[in-house]
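The structure appears right after this line, and notes come after that.
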Amino acid sequence: MAESDAALKKFQSDVRQWMQENVPADPGFLLPLSFLEVGTEQQLDFLRAWQHKVWQAGYLGMHWPSEFGGQGADPAYQAIVDRELQRVNAPILFNTIGLNWVGPLLLDIGSQESQAKYVKGILSGDEIWCQGFSEPDHGSDLGSVQTRAVRDGDEYVINGSKIWTTLGNFADHMILLARTNTETARKYDGLSFFLAPMKIAGVDAHPIRKVTGEYGFNQVFFTDARIPAATLMREEGQGWGVAMKTLEYERGVSAGQASAHWMVSIQIDDMVDQLRGYQRDGEALLNDPIVRDDTVKLIMEAKASALSRSRMRISPLTSDYPMGLALSTKYRWTEYARRMKLFTAAMQGGHSALYVGDEDAYQGGFWQRAYFSNFGATIGGGTTEVQANIIAEHVLGLPK
Ligand SMILES: Cc1cc2nc3c(=O)[nH]c(=O)nc-3n(C[C@H](O)[C@H](O)[C@H](O)COP(=O)(O)OP(=O)(O)OC[C@H]3O[C@@H](n4cnc5c(N)ncnc54)[C@H](O)[C@@H]3O)c2cc1C
């Protein structure tokens, strides 16, 4: 049932009021720009408390069933909350892998037991999820993962290593793609998908430092780690299909995510505001025709991407290629955002090379950090090149 404009307007005004009263003040330490960079216990405690508060207010996963902690509401309500969270630059909702990939996946194809067991903890932030897909030699080539899961009675014994595991050192559970059979004709048919516990013997997460200087992802080692066989999702050998379904949520191809507020919003208007403050040789930088030209090109890209996102909501435009717009939006938006942040940092002239921690850096090195952090978006969930391949082959029907 379509929600009335009046009901949505009233809701928006309630949310605004709530945000005014509840969005926490700056905690005095650096908060991550996205869920990919939660590196310290201090950040984790702060963000977990915030997510819990948003959920308790009824503003998270509003369209998820109420029996699992949602509100059973129309998705339009969550969209309003997300917009308001971004508008006031509220802290991010950090349990993103749970909120936006695992939760929708379980609600879509999970068993009733798994829904009852996991979904509420994802929303409340009490149970943190990570994703164990990539391995040291198998990232884009995901179908070749080698981590082994061998059945032994009521358990599987896991051996191998995952890498770039965001939140892996804090997580309670991992969506784990592992090889249960090494002898299938197609490599994909030897893979299985588990809702694996992380806080057990034989699982060790080692944080890895990022180009931003922060932490957030890990290498996870499994050494004879025993997980219950009941954590297998679907049947043995059906893991590839479940992993592909997960990626649909990760890449925004399927709807159902609990909240879109997983990164600090840095928009084209922020860039323009920033450039307005820059001077070169005593003149406003934006008086330079070349800078103006580059600025306008980025504004046009931002506008085009926003329009593409709106087109996704018009079903006749997506009926021929259901994944096309979503995939191309991820591809273009993440690359545009990276260039936009680089441009804004580069326009600082001599200051552009100064980073977080340098007292002479503009705004504490905000734009430099934002630029480096953006690589997480152009690589994670499938690199730009891999997205381009998928669009070319599966949407446009071009040869390999
Ligand atoms: C911040 C961050 C967080 C991440 N979090 C997680 C996580 O939580 N869980 C998880 O499982 N993974 C995670 N990843 C890993 C991510 O999914 C992989 O890095 C990504 O899939 C690429 O794999 P790779 O690193 O092995 O690079 P490779 O696959 O080795 O690619 C190297 C380069 O080759 C290019 N390339 C590869 N194959 C092709 C091809 N067929 N055609 C053209 N070019 C190609 C790539 O585009 C890339 O430029 C994260 C990554 C980042 C950066």
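To be explicit about the labels: the chains of the structure tokens are called A, B, and onward in the order shown, and within each one the residues are counted from 1, while ligands get numbers from 1 in the order they are shown.
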
Show me, as JSON lines, the residues of chain A having an atom within 8 Å of ligand 1, each with the closest atom pair and its distance in Å, using only C-alpha atoms and all ligand atoms.
{"residue": "A:Leu36", "atom": "CA", "partner": "ligand 1", "partner_atom_place_in_ligand_line": "1 (C)", "distance": 5.6}
{"residue": "A:Glu37", "atom": "CA", "partner": "ligand 1", "partner_atom_place_in_ligand_line": "1 (C)", "distance": 7.6}
{"residue": "A:Ile97", "atom": "CA", "partner": "ligand 1", "partner_atom_place_in_ligand_line": "8 (O)", "distance": 7.7}
{"residue": "A:Cys130", "atom": "CA", "partner": "ligand 1", "partner_atom_place_in_ligand_line": "8 (O)", "distance": 5.9}
{"residue": "A:Gln131", "atom": "CA", "partner": "ligand 1", "partner_atom_place_in_ligand_line": "9 (N)", "distance": 4.4}
{"residue": "A:Gly132", "atom": "CA", "partner": "ligand 1", "partner_atom_place_in_ligand_line": "11 (O)", "distance": 4.4}
{"residue": "A:Phe133", "atom": "CA", "partner": "ligand 1", "partner_atom_place_in_ligand_line": "11 (O)", "distance": 3.4}
{"residue": "A:Ser134", "atom": "CA", "partner": "ligand 1", "partner_atom_place_in_ligand_line": "11 (O)", "distance": 3.8}
{"residue": "A:Glu135", "atom": "CA", "partner": "ligand 1", "partner_atom_place_in_ligand_line": "26 (O)", "distance": 6.8}
{"residue": "A:Pro136", "atom": "CA", "partner": "ligand 1", "partner_atom_place_in_ligand_line": "26 (O)", "distance": 6.4}
{"residue": "A:Asp137", "atom": "CA", "partner": "ligand 1", "partner_atom_place_in_ligand_line": "26 (O)", "distance": 6.0}
{"residue": "A:His138", "atom": "CA", "partner": "ligand 1", "partner_atom_place_in_ligand_line": "26 (O)", "distance": 5.1}
{"residue": "A:Gly139", "atom": "CA", "partner": "ligand 1", "partner_atom_place_in_ligand_line": "26 (O)", "distance": 3.1}
{"residue": "A:Ser140", "atom": "CA", "partner": "ligand 1", "partner_atom_place_in_ligand_line": "29 (O)", "distance": 3.6}
{"residue": "A:Asp141", "atom": "CA", "partner": "ligand 1", "partner_atom_place_in_ligand_line": "29 (O)", "distance": 5.8}
{"residue": "A:Leu142", "atom": "CA", "partner": "ligand 1", "partner_atom_place_in_ligand_line": "21 (O)", "distance": 7.5}
{"residue": "A:Lys162", "atom": "CA", "partner": "ligand 1", "partner_atom_place_in_ligand_line": "11 (O)", "distance": 7.0}
{"residue": "A:Ile163", "atom": "CA", "partner": "ligand 1", "partner_atom_place_in_ligand_line": "12 (N)", "distance": 6.4}
{"residue": "A:Trp164", "atom": "CA", "partner": "ligand 1", "partner_atom_place_in_ligand_line": "13 (C)", "distance": 4.5}
{"residue": "A:Thr165", "atom": "CA", "partner": "ligand 1", "partner_atom_place_in_ligand_line": "8 (O)", "distance": 3.8}
{"residue": "A:Thr166", "atom": "CA", "partner": "ligand 1", "partner_atom_place_in_ligand_line": "8 (O)", "distance": 3.7}
{"residue": "A:Leu167", "atom": "CA", "partner": "ligand 1", "partner_atom_place_in_ligand_line": "8 (O)", "distance": 7.0}
{"residue": "A:Gly168", "atom": "CA", "partner": "ligand 1", "partner_atom_place_in_ligand_line": "8 (O)", "distance": 7.4}
{"residue": "A:Lys210", "atom": "CA", "partner": "ligand 1", "partner_atom_place_in_ligand_line": "1 (C)", "distance": 7.9}
{"residue": "A:Gly216", "atom": "CA", "partner": "ligand 1", "partner_atom_place_in_ligand_line": "1 (C)", "distance": 7.7}
{"residue": "A:Phe217", "atom": "CA", "partner": "ligand 1", "partner_atom_place_in_ligand_line": "3 (C)", "distance": 6.2}
{"residue": "A:Ser373", "atom": "CA", "partner": "ligand 1", "partner_atom_place_in_ligand_line": "1 (C)", "distance": 7.6}
{"residue": "A:Phe375", "atom": "CA", "partner": "ligand 1", "partner_atom_place_in_ligand_line": "53 (C)", "distance": 6.2}
{"residue": "A:Gly376", "atom": "CA", "partner": "ligand 1", "partner_atom_place_in_ligand_line": "1 (C)", "distance": 3.6}
{"residue": "A:Ala377", "atom": "CA", "partner": "ligand 1", "partner_atom_place_in_ligand_line": "1 (C)", "distance": 6.9}
{"residue": "A:Thr378", "atom": "CA", "partner": "ligand 1", "partner_atom_place_in_ligand_line": "53 (C)", "distance": 7.6}
{"residue": "A:Ile379", "atom": "CA", "partner": "ligand 1", "partner_atom_place_in_ligand_line": "53 (C)", "distance": 4.9}
{"residue": "A:Gly380", "atom": "CA", "partner": "ligand 1", "partner_atom_place_in_ligand_line": "51 (C)", "distance": 4.1}
{"residue": "A:Gly381", "atom": "CA", "partner": "ligand 1", "partner_atom_place_in_ligand_line": "17 (O)", "distance": 4.9}
{"residue": "A:Gly382", "atom": "CA", "partner": "ligand 1", "partner_atom_place_in_ligand_line": "21 (O)", "distance": 4.6}
{"residue": "A:Thr383", "atom": "CA", "partner": "ligand 1", "partner_atom_place_in_ligand_line": "47 (O)", "distance": 4.7}
{"residue": "A:Thr384", "atom": "CA", "partner": "ligand 1", "partner_atom_place_in_ligand_line": "47 (O)", "distance": 5.9}
{"residue": "A:Glu385", "atom": "CA", "partner": "ligand 1", "partner_atom_place_in_ligand_line": "47 (O)", "distance": 4.3}
{"residue": "A:Val386", "atom": "CA", "partner": "ligand 1", "partner_atom_place_in_ligand_line": "42 (N)", "distance": 5.5}
{"residue": "A:Asn389", "atom": "CA", "partner": "ligand 1", "partner_atom_place_in_ligand_line": "42 (N)", "distance": 6.5}

The selected residues should be written to file as a compact mmCIF listing (two decimals), in the first residue's frame (atoms: N, CA and C atoms).
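The new file result_5.txt reads:
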# COMPACT_ATOMS: atom_id res chain seq x y z
N LEU A 36 34.16 0.29 6.66
CA LEU A 36 35.36 -0.45 6.28
C LEU A 36 36.56 -0.08 7.16
N GLU A 37 36.43 0.98 7.98
CA GLU A 37 37.59 1.45 8.72
C GLU A 37 37.37 1.52 10.23
N ILE A 97 27.77 -5.22 7.11
CA ILE A 97 27.74 -6.52 6.42
C ILE A 97 26.51 -7.30 6.89
N CYS A 130 30.97 -10.55 9.64
CA CYS A 130 31.97 -10.25 8.62
C CYS A 130 31.78 -11.22 7.46
N GLN A 131 32.52 -10.95 6.38
CA GLN A 131 32.34 -11.71 5.15
C GLN A 131 33.66 -12.39 4.76
N GLY A 132 33.67 -13.70 4.74
CA GLY A 132 34.89 -14.44 4.39
C GLY A 132 34.79 -15.01 2.99
N PHE A 133 34.95 -14.14 2.00
CA PHE A 133 34.96 -14.58 0.61
C PHE A 133 36.40 -14.58 0.07
N SER A 134 37.03 -13.39 0.05
CA SER A 134 38.35 -13.25 -0.60
C SER A 134 39.42 -14.04 0.13
N GLU A 135 40.35 -14.55 -0.67
CA GLU A 135 41.53 -15.23 -0.13
C GLU A 135 42.77 -14.59 -0.74
N PRO A 136 43.94 -14.87 -0.13
CA PRO A 136 45.16 -14.20 -0.63
C PRO A 136 45.34 -14.32 -2.15
N ASP A 137 44.98 -15.44 -2.74
CA ASP A 137 45.16 -15.55 -4.20
C ASP A 137 43.84 -15.57 -4.95
N HIS A 138 42.76 -15.36 -4.27
CA HIS A 138 41.46 -15.47 -4.93
C HIS A 138 40.52 -14.37 -4.46
N GLY A 139 40.53 -13.24 -5.18
CA GLY A 139 39.63 -12.14 -4.87
C GLY A 139 38.59 -12.03 -5.97
N SER A 140 38.99 -11.45 -7.10
CA SER A 140 38.08 -11.38 -8.25
C SER A 140 37.71 -12.78 -8.71
N ASP A 141 38.70 -13.67 -8.64
CA ASP A 141 38.49 -15.05 -9.07
C ASP A 141 37.90 -15.85 -7.91
N LEU A 142 36.74 -15.41 -7.44
CA LEU A 142 36.16 -15.96 -6.22
C LEU A 142 35.82 -17.45 -6.32
N LYS A 162 41.41 -16.43 4.93
CA LYS A 162 40.65 -15.39 4.21
C LYS A 162 41.39 -14.07 4.41
N ILE A 163 41.18 -13.14 3.48
CA ILE A 163 41.89 -11.86 3.60
C ILE A 163 40.96 -10.69 3.26
N TRP A 164 41.37 -9.53 3.71
CA TRP A 164 40.61 -8.27 3.55
C TRP A 164 39.26 -8.35 4.28
N THR A 165 39.25 -9.15 5.36
CA THR A 165 37.98 -9.40 6.06
C THR A 165 37.62 -8.20 6.95
N THR A 166 36.74 -7.36 6.44
CA THR A 166 36.32 -6.17 7.18
C THR A 166 35.62 -6.60 8.47
N LEU A 167 35.99 -5.96 9.57
CA LEU A 167 35.41 -6.22 10.91
C LEU A 167 35.74 -7.62 11.43
N GLY A 168 36.64 -8.33 10.74
CA GLY A 168 36.92 -9.72 11.10
C GLY A 168 37.42 -9.89 12.53
N LYS A 210 45.75 -0.02 6.47
CA LYS A 210 45.34 0.43 5.12
C LYS A 210 46.14 1.61 4.64
N GLY A 216 40.85 -1.93 9.89
CA GLY A 216 39.45 -2.20 9.54
C GLY A 216 39.32 -3.57 8.92
N PHE A 217 40.31 -3.97 8.10
CA PHE A 217 40.23 -5.33 7.58
C PHE A 217 41.37 -6.20 8.10
N SER A 373 40.37 6.57 1.31
CA SER A 373 39.32 5.68 1.83
C SER A 373 38.42 5.18 0.70
N PHE A 375 39.05 4.05 -2.11
CA PHE A 375 39.46 2.84 -2.84
C PHE A 375 38.72 1.61 -2.33
N GLY A 376 38.30 1.66 -1.06
CA GLY A 376 37.51 0.55 -0.54
C GLY A 376 36.27 0.31 -1.39
N ALA A 377 35.67 1.41 -1.88
CA ALA A 377 34.43 1.29 -2.66
C ALA A 377 34.70 0.86 -4.09
N THR A 378 35.84 1.27 -4.67
CA THR A 378 36.10 0.89 -6.06
C THR A 378 36.66 -0.54 -6.17
N ILE A 379 37.15 -1.08 -5.04
CA ILE A 379 37.70 -2.44 -5.05
C ILE A 379 36.73 -3.44 -4.42
N GLY A 380 36.22 -3.10 -3.23
CA GLY A 380 35.33 -4.02 -2.49
C GLY A 380 34.06 -4.32 -3.28
N GLY A 381 33.56 -5.55 -3.10
CA GLY A 381 32.30 -5.92 -3.78
C GLY A 381 32.50 -6.15 -5.26
N GLY A 382 33.75 -6.23 -5.69
CA GLY A 382 34.05 -6.39 -7.13
C GLY A 382 34.72 -5.12 -7.63
N THR A 383 35.91 -5.27 -8.20
CA THR A 383 36.66 -4.09 -8.64
C THR A 383 35.95 -3.43 -9.83
N THR A 384 36.37 -2.20 -10.10
CA THR A 384 35.82 -1.47 -11.24
C THR A 384 35.96 -2.28 -12.54
N GLU A 385 37.13 -2.90 -12.72
CA GLU A 385 37.36 -3.65 -13.97
C GLU A 385 36.42 -4.85 -14.06
N VAL A 386 36.23 -5.51 -12.91
CA VAL A 386 35.36 -6.69 -12.91
C VAL A 386 33.90 -6.28 -13.15
N ASN A 389 33.49 -5.76 -16.76
CA ASN A 389 33.35 -7.04 -17.47
C ASN A 389 31.94 -7.59 -17.36

Practice task
Can you pull out every residue within 8 Å of region 85-95 of chain A, counting only C-alpha atoms, but drop anything in the same chain fewer than 5 positions away, and send it as a PyMOL selection string?
Solution key: chain A and resi 19+23-24+31+33-35+38+47-48+50-51+122+125+128-129+259+261-265

Practice task
Check the DSSP output for the backbone and give back, as a PyMOL selection string, the residues of region 137-277 of chain A in strand (DSSP E or B).
Solution key: chain A and resi 138+148-152+155-163+173-179+191-197+203-208+217-228+232-233+263

Save the residues we just selected, N, CA and C atoms, as a CSV table (one decimal), in the first residue's frame?
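Result file is selection.csv:
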chain,number,residue,atom,x,y,z
A,138,HIS,N,42.8,-15.4,-4.3
A,138,HIS,CA,41.5,-15.5,-4.9
A,138,HIS,C,40.5,-14.4,-4.5
A,148,ARG,N,39.3,-25.0,3.0
A,148,ARG,CA,38.6,-26.3,3.0
A,148,ARG,C,37.6,-26.4,4.2
A,149,ALA,N,36.5,-27.0,3.9
A,149,ALA,CA,35.6,-27.4,5.0
A,149,ALA,C,35.3,-28.9,4.8
A,150,VAL,N,35.7,-29.7,5.8
A,150,VAL,CA,35.6,-31.1,5.7
A,150,VAL,C,34.6,-31.6,6.8
A,151,ARG,N,33.6,-32.4,6.4
A,151,ARG,CA,32.6,-32.8,7.3
A,151,ARG,C,33.2,-33.9,8.2
A,152,ASP,N,32.9,-33.7,9.5
A,152,ASP,CA,33.3,-34.7,10.5
A,152,ASP,C,32.1,-34.8,11.5
A,155,GLU,N,30.0,-31.8,12.6
A,155,GLU,CA,30.8,-30.5,12.5
A,155,GLU,C,31.5,-30.5,11.1
A,156,TYR,N,31.9,-29.3,10.7
A,156,TYR,CA,32.9,-29.2,9.6
A,156,TYR,C,34.2,-28.7,10.2
A,157,VAL,N,35.3,-29.2,9.7
A,157,VAL,CA,36.6,-28.7,10.1
A,157,VAL,C,37.1,-27.8,9.1
A,158,ILE,N,37.5,-26.6,9.5
A,158,ILE,CA,37.9,-25.5,8.5
A,158,ILE,C,39.4,-25.3,8.6
A,159,ASN,N,40.0,-25.3,7.4
A,159,ASN,CA,41.4,-24.9,7.3
A,159,ASN,C,41.6,-24.0,6.1
A,160,GLY,N,42.5,-23.0,6.3
A,160,GLY,CA,42.8,-22.1,5.2
A,160,GLY,C,42.8,-20.6,5.7
A,161,SER,N,42.8,-19.7,4.8
A,161,SER,CA,42.9,-18.3,5.2
A,161,SER,C,42.0,-17.4,4.3
A,162,LYS,N,41.4,-16.4,4.9
A,162,LYS,CA,40.7,-15.4,4.2
A,162,LYS,C,41.4,-14.1,4.4
A,163,ILE,N,41.2,-13.1,3.5
A,163,ILE,CA,41.9,-11.9,3.6
A,163,ILE,C,41.0,-10.7,3.3
A,173,HIS,N,30.3,-13.6,13.8
A,173,HIS,CA,29.9,-14.6,12.8
A,173,HIS,C,30.5,-14.1,11.5
A,174,MET,N,30.7,-15.1,10.6
A,174,MET,CA,31.3,-14.8,9.3
A,174,MET,C,30.4,-15.6,8.3
A,175,ILE,N,30.1,-14.9,7.2
A,175,ILE,CA,29.5,-15.6,6.0
A,175,ILE,C,30.7,-16.2,5.3
A,176,LEU,N,30.8,-17.5,5.3
A,176,LEU,CA,32.1,-18.2,4.9
A,176,LEU,C,31.8,-19.0,3.6
A,177,LEU,N,32.6,-18.7,2.6
A,177,LEU,CA,32.6,-19.5,1.4
A,177,LEU,C,33.8,-20.4,1.4
A,178,ALA,N,33.5,-21.7,1.5
A,178,ALA,CA,34.6,-22.7,1.6
A,178,ALA,C,34.4,-23.9,0.7
A,179,ARG,N,35.5,-24.6,0.4
A,179,ARG,CA,35.4,-25.7,-0.5
A,179,ARG,C,35.2,-27.0,0.2
A,191,LEU,N,31.7,-25.6,-3.8
A,191,LEU,CA,31.7,-24.6,-2.8
A,191,LEU,C,30.5,-24.7,-1.9
A,192,SER,N,30.7,-24.4,-0.6
A,192,SER,CA,29.5,-24.3,0.3
A,192,SER,C,29.6,-23.1,1.1
A,193,PHE,N,28.4,-22.7,1.7
A,193,PHE,CA,28.3,-21.4,2.3
A,193,PHE,C,27.8,-21.6,3.8
A,194,PHE,N,28.6,-21.0,4.7
A,194,PHE,CA,28.3,-21.3,6.1
A,194,PHE,C,28.1,-19.9,6.9
A,195,LEU,N,27.3,-20.0,7.9
A,195,LEU,CA,27.1,-18.9,8.8
A,195,LEU,C,28.0,-19.3,10.0
A,196,ALA,N,29.3,-19.0,9.8
A,196,ALA,CA,30.3,-19.6,10.8
A,196,ALA,C,30.5,-18.7,12.0
A,197,PRO,N,30.6,-19.4,13.2
A,197,PRO,CA,31.0,-18.6,14.4
A,197,PRO,C,32.5,-18.2,14.3
A,203,VAL,N,40.4,-20.0,15.1
A,203,VAL,CA,40.1,-18.8,14.3
A,203,VAL,C,40.9,-17.6,14.8
A,204,ASP,N,41.8,-17.1,14.0
A,204,ASP,CA,42.6,-16.0,14.4
A,204,ASP,C,42.6,-14.9,13.4
A,205,ALA,N,42.2,-13.7,13.8
A,205,ALA,CA,42.2,-12.5,12.9
A,205,ALA,C,43.3,-11.6,13.2
A,206,HIS,N,44.0,-11.2,12.1
A,206,HIS,CA,45.2,-10.3,12.2
A,206,HIS,C,44.9,-9.0,11.4
A,207,PRO,N,44.7,-7.9,12.1
A,207,PRO,CA,44.4,-6.7,11.4
A,207,PRO,C,45.5,-6.2,10.5
A,208,ILE,N,45.1,-5.6,9.3
A,208,ILE,CA,46.0,-5.2,8.3
A,208,ILE,C,45.8,-3.7,8.2
A,217,PHE,N,40.3,-4.0,8.1
A,217,PHE,CA,40.2,-5.3,7.6
A,217,PHE,C,41.4,-6.2,8.1
A,218,ASN,N,41.3,-7.5,7.9
A,218,ASN,CA,42.1,-8.5,8.5
A,218,ASN,C,42.5,-9.6,7.6
A,219,GLN,N,43.5,-10.4,8.0
A,219,GLN,CA,43.7,-11.7,7.4
A,219,GLN,C,43.2,-12.7,8.5
A,220,VAL,N,42.3,-13.6,8.1
A,220,VAL,CA,41.8,-14.5,9.1
A,220,VAL,C,42.3,-15.9,8.8
A,221,PHE,N,42.9,-16.6,9.8
A,221,PHE,CA,43.4,-17.9,9.7
A,221,PHE,C,42.5,-18.9,10.4
A,222,PHE,N,42.3,-20.0,9.6
A,222,PHE,CA,41.5,-21.1,10.2
A,222,PHE,C,42.4,-22.3,10.4
A,223,THR,N,42.6,-22.8,11.6
A,223,THR,CA,43.4,-24.0,11.8
A,223,THR,C,42.6,-25.0,12.6
A,224,ASP,N,42.1,-26.0,11.8
A,224,ASP,CA,41.3,-27.0,12.4
A,224,ASP,C,40.1,-26.4,13.3
A,225,ALA,N,39.5,-25.4,12.8
A,225,ALA,CA,38.4,-24.8,13.5
A,225,ALA,C,37.2,-25.6,13.2
A,226,ARG,N,36.5,-25.9,14.3
A,226,ARG,CA,35.3,-26.8,14.2
A,226,ARG,C,34.0,-26.0,14.3
A,227,ILE,N,33.2,-26.0,13.2
A,227,ILE,CA,31.9,-25.3,13.3
A,227,ILE,C,30.8,-26.3,13.1
A,228,PRO,N,29.6,-26.0,13.7
A,228,PRO,CA,28.5,-26.9,13.6
A,228,PRO,C,28.1,-27.1,12.2
A,232,LEU,N,25.7,-24.7,7.9
A,232,LEU,CA,25.7,-24.8,6.5
A,232,LEU,C,24.4,-24.1,6.0
A,233,MET,N,24.5,-23.2,5.0
A,233,MET,CA,23.3,-22.7,4.4
A,233,MET,C,23.0,-23.4,3.1
A,263,MET,N,28.3,5.1,5.2
A,263,MET,CA,29.5,5.9,5.1
A,263,MET,C,29.2,7.4,5.2

Exercise for the section: Could you check which of A:Pro32, A:Pro104, A:Gly190, A:Gly256 is closest to Pro75 (chain A), using only C-alpha atoms? Expected result: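 That would be A:Gly256, the residue with the smallest distance to Pro75 (chain A).
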
Problem - CA of Ser328 (chain A) to CA of Lys297 (chain A), distance in Å rounded to a single decimal - result: 18.6 Å

Just want the 12 Å neighbourhood of region 276-283 of chain A, counted on only C-alpha atoms, with same-chain residues fewer than 2 positions away dropped. Output as a PDB file with N, CA and C atoms, in the first residue's frame.
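Below is the file that was written, out_21.pdb:
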ATOM      1  N   ASP A 269      28.193  19.024  -3.591  1.00  0.00           N
ATOM      2  CA  ASP A 269      28.042  20.357  -2.979  1.00  0.00           C
ATOM      3  C   ASP A 269      29.150  20.613  -1.959  1.00  0.00           C
ATOM      4  N   ASP A 270      29.567  19.556  -1.275  1.00  0.00           N
ATOM      5  CA  ASP A 270      30.669  19.716  -0.309  1.00  0.00           C
ATOM      6  C   ASP A 270      31.940  20.113  -1.055  1.00  0.00           C
ATOM      7  N   MET A 271      32.128  19.493  -2.236  1.00  0.00           N
ATOM      8  CA  MET A 271      33.302  19.843  -3.037  1.00  0.00           C
ATOM      9  C   MET A 271      33.249  21.313  -3.444  1.00  0.00           C
ATOM     10  N   VAL A 272      32.087  21.734  -3.949  1.00  0.00           N
ATOM     11  CA  VAL A 272      31.974  23.117  -4.437  1.00  0.00           C
ATOM     12  C   VAL A 272      32.171  24.099  -3.275  1.00  0.00           C
ATOM     13  N   ASP A 273      31.570  23.806  -2.132  1.00  0.00           N
ATOM     14  CA  ASP A 273      31.763  24.680  -0.958  1.00  0.00           C
ATOM     15  C   ASP A 273      33.241  24.799  -0.621  1.00  0.00           C
ATOM     16  N   GLN A 274      33.910  23.667  -0.687  1.00  0.00           N
ATOM     17  CA  GLN A 274      35.321  23.650  -0.363  1.00  0.00           C
ATOM     18  C   GLN A 274      36.120  24.512  -1.346  1.00  0.00           C
ATOM     19  N   LEU A 285      40.061  30.637  -6.435  1.00  0.00           N
ATOM     20  CA  LEU A 285      40.469  29.554  -7.339  1.00  0.00           C
ATOM     21  C   LEU A 285      39.403  29.303  -8.410  1.00  0.00           C
ATOM     22  N   LEU A 286      38.152  29.466  -8.038  1.00  0.00           N
ATOM     23  CA  LEU A 286      37.075  29.158  -8.987  1.00  0.00           C
ATOM     24  C   LEU A 286      36.971  30.187 -10.120  1.00  0.00           C
ATOM     25  N   ASN A 287      37.775  31.274 -10.056  1.00  0.00           N
ATOM     26  CA  ASN A 287      37.810  32.198 -11.198  1.00  0.00           C
ATOM     27  C   ASN A 287      38.650  31.645 -12.342  1.00  0.00           C
ATOM     28  N   ASP A 288      39.441  30.622 -12.043  1.00  0.00           N
ATOM     29  CA  ASP A 288      40.305  30.025 -13.073  1.00  0.00           C
ATOM     30  C   ASP A 288      39.430  29.207 -14.030  1.00  0.00           C
ATOM     31  N   VAL A 291      39.888  25.370 -13.917  1.00  0.00           N
ATOM     32  CA  VAL A 291      39.323  24.768 -12.691  1.00  0.00           C
ATOM     33  C   VAL A 291      37.796  24.749 -12.792  1.00  0.00           C
ATOM     34  N   ARG A 292      37.242  25.837 -13.308  1.00  0.00           N
ATOM     35  CA  ARG A 292      35.765  25.887 -13.453  1.00  0.00           C
ATOM     36  C   ARG A 292      35.283  24.772 -14.380  1.00  0.00           C
ATOM     37  N   THR A 295      35.468  21.514 -12.659  1.00  0.00           N
ATOM     38  CA  THR A 295      34.436  21.481 -11.609  1.00  0.00           C
ATOM     39  C   THR A 295      33.080  21.143 -12.217  1.00  0.00           C
ATOM     40  N   THR A 344      39.461  17.644  -5.269  1.00  0.00           N
ATOM     41  CA  THR A 344      39.314  18.619  -4.185  1.00  0.00           C
ATOM     42  C   THR A 344      40.603  18.718  -3.375  1.00  0.00           C
ATOM     43  N   ALA A 345      41.240  17.569  -3.141  1.00  0.00           N
ATOM     44  CA  ALA A 345      42.510  17.596  -2.405  1.00  0.00           C
ATOM     45  C   ALA A 345      43.599  18.248  -3.250  1.00  0.00           C
ATOM     46  N   ALA A 346      43.626  17.923  -4.546  1.00  0.00           N
ATOM     47  CA  ALA A 346      44.695  18.435  -5.413  1.00  0.00           C
ATOM     48  C   ALA A 346      44.621  19.957  -5.550  1.00  0.00           C
ATOM     49  N   MET A 347      43.420  20.501  -5.473  1.00  0.00           N
ATOM     50  CA  MET A 347      43.255  21.944  -5.632  1.00  0.00           C
ATOM     51  C   MET A 347      43.773  22.741  -4.427  1.00  0.00           C
ATOM     52  N   GLN A 348      44.265  22.026  -3.409  1.00  0.00           N
ATOM     53  CA  GLN A 348      44.844  22.716  -2.253  1.00  0.00           C
ATOM     54  C   GLN A 348      46.289  23.129  -2.512  1.00  0.00           C
ATOM     55  N   GLY A 349      46.757  22.909  -3.737  1.00  0.00           N
ATOM     56  CA  GLY A 349      48.120  23.313  -4.084  1.00  0.00           C
ATOM     57  C   GLY A 349      49.127  22.619  -3.191  1.00  0.00           C
ATOM     58  N   GLY A 350      50.042  23.404  -2.615  1.00  0.00           N
ATOM     59  CA  GLY A 350      51.108  22.835  -1.782  1.00  0.00           C
ATOM     60  C   GLY A 350      50.571  22.061  -0.583  1.00  0.00           C
ATOM     61  N   HIS A 351      49.371  22.402  -0.144  1.00  0.00           N
ATOM     62  CA  HIS A 351      48.809  21.706   1.008  1.00  0.00           C
ATOM     63  C   HIS A 351      48.278  20.315   0.654  1.00  0.00           C
ATOM     64  N   SER A 352      48.141  20.047  -0.647  1.00  0.00           N
ATOM     65  CA  SER A 352      47.461  18.806  -1.021  1.00  0.00           C
ATOM     66  C   SER A 352      48.215  17.568  -0.548  1.00  0.00           C
ATOM     67  N   TYR A 362      44.888  21.106   5.552  1.00  0.00           N
ATOM     68  CA  TYR A 362      43.566  21.725   5.529  1.00  0.00           C
ATOM     69  C   TYR A 362      42.563  20.776   6.163  1.00  0.00           C
ATOM     70  N   GLN A 363      41.762  21.289   7.036  1.00  0.00           N
ATOM     71  CA  GLN A 363      40.691  20.508   7.684  1.00  0.00           C
ATOM     72  C   GLN A 363      41.192  19.148   8.157  1.00  0.00           C
TER      73      GLN A 363
END

Handout entry: Given only C-alpha atoms as the counted atoms, nearest of A:Arg251, A:Arg313, A:His394, A:Arg369 to Leu327 (chain A)
Key =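 When distances to Leu327 (chain A) are compared using only C-alpha atoms, the smallest one comes from A:Arg251.
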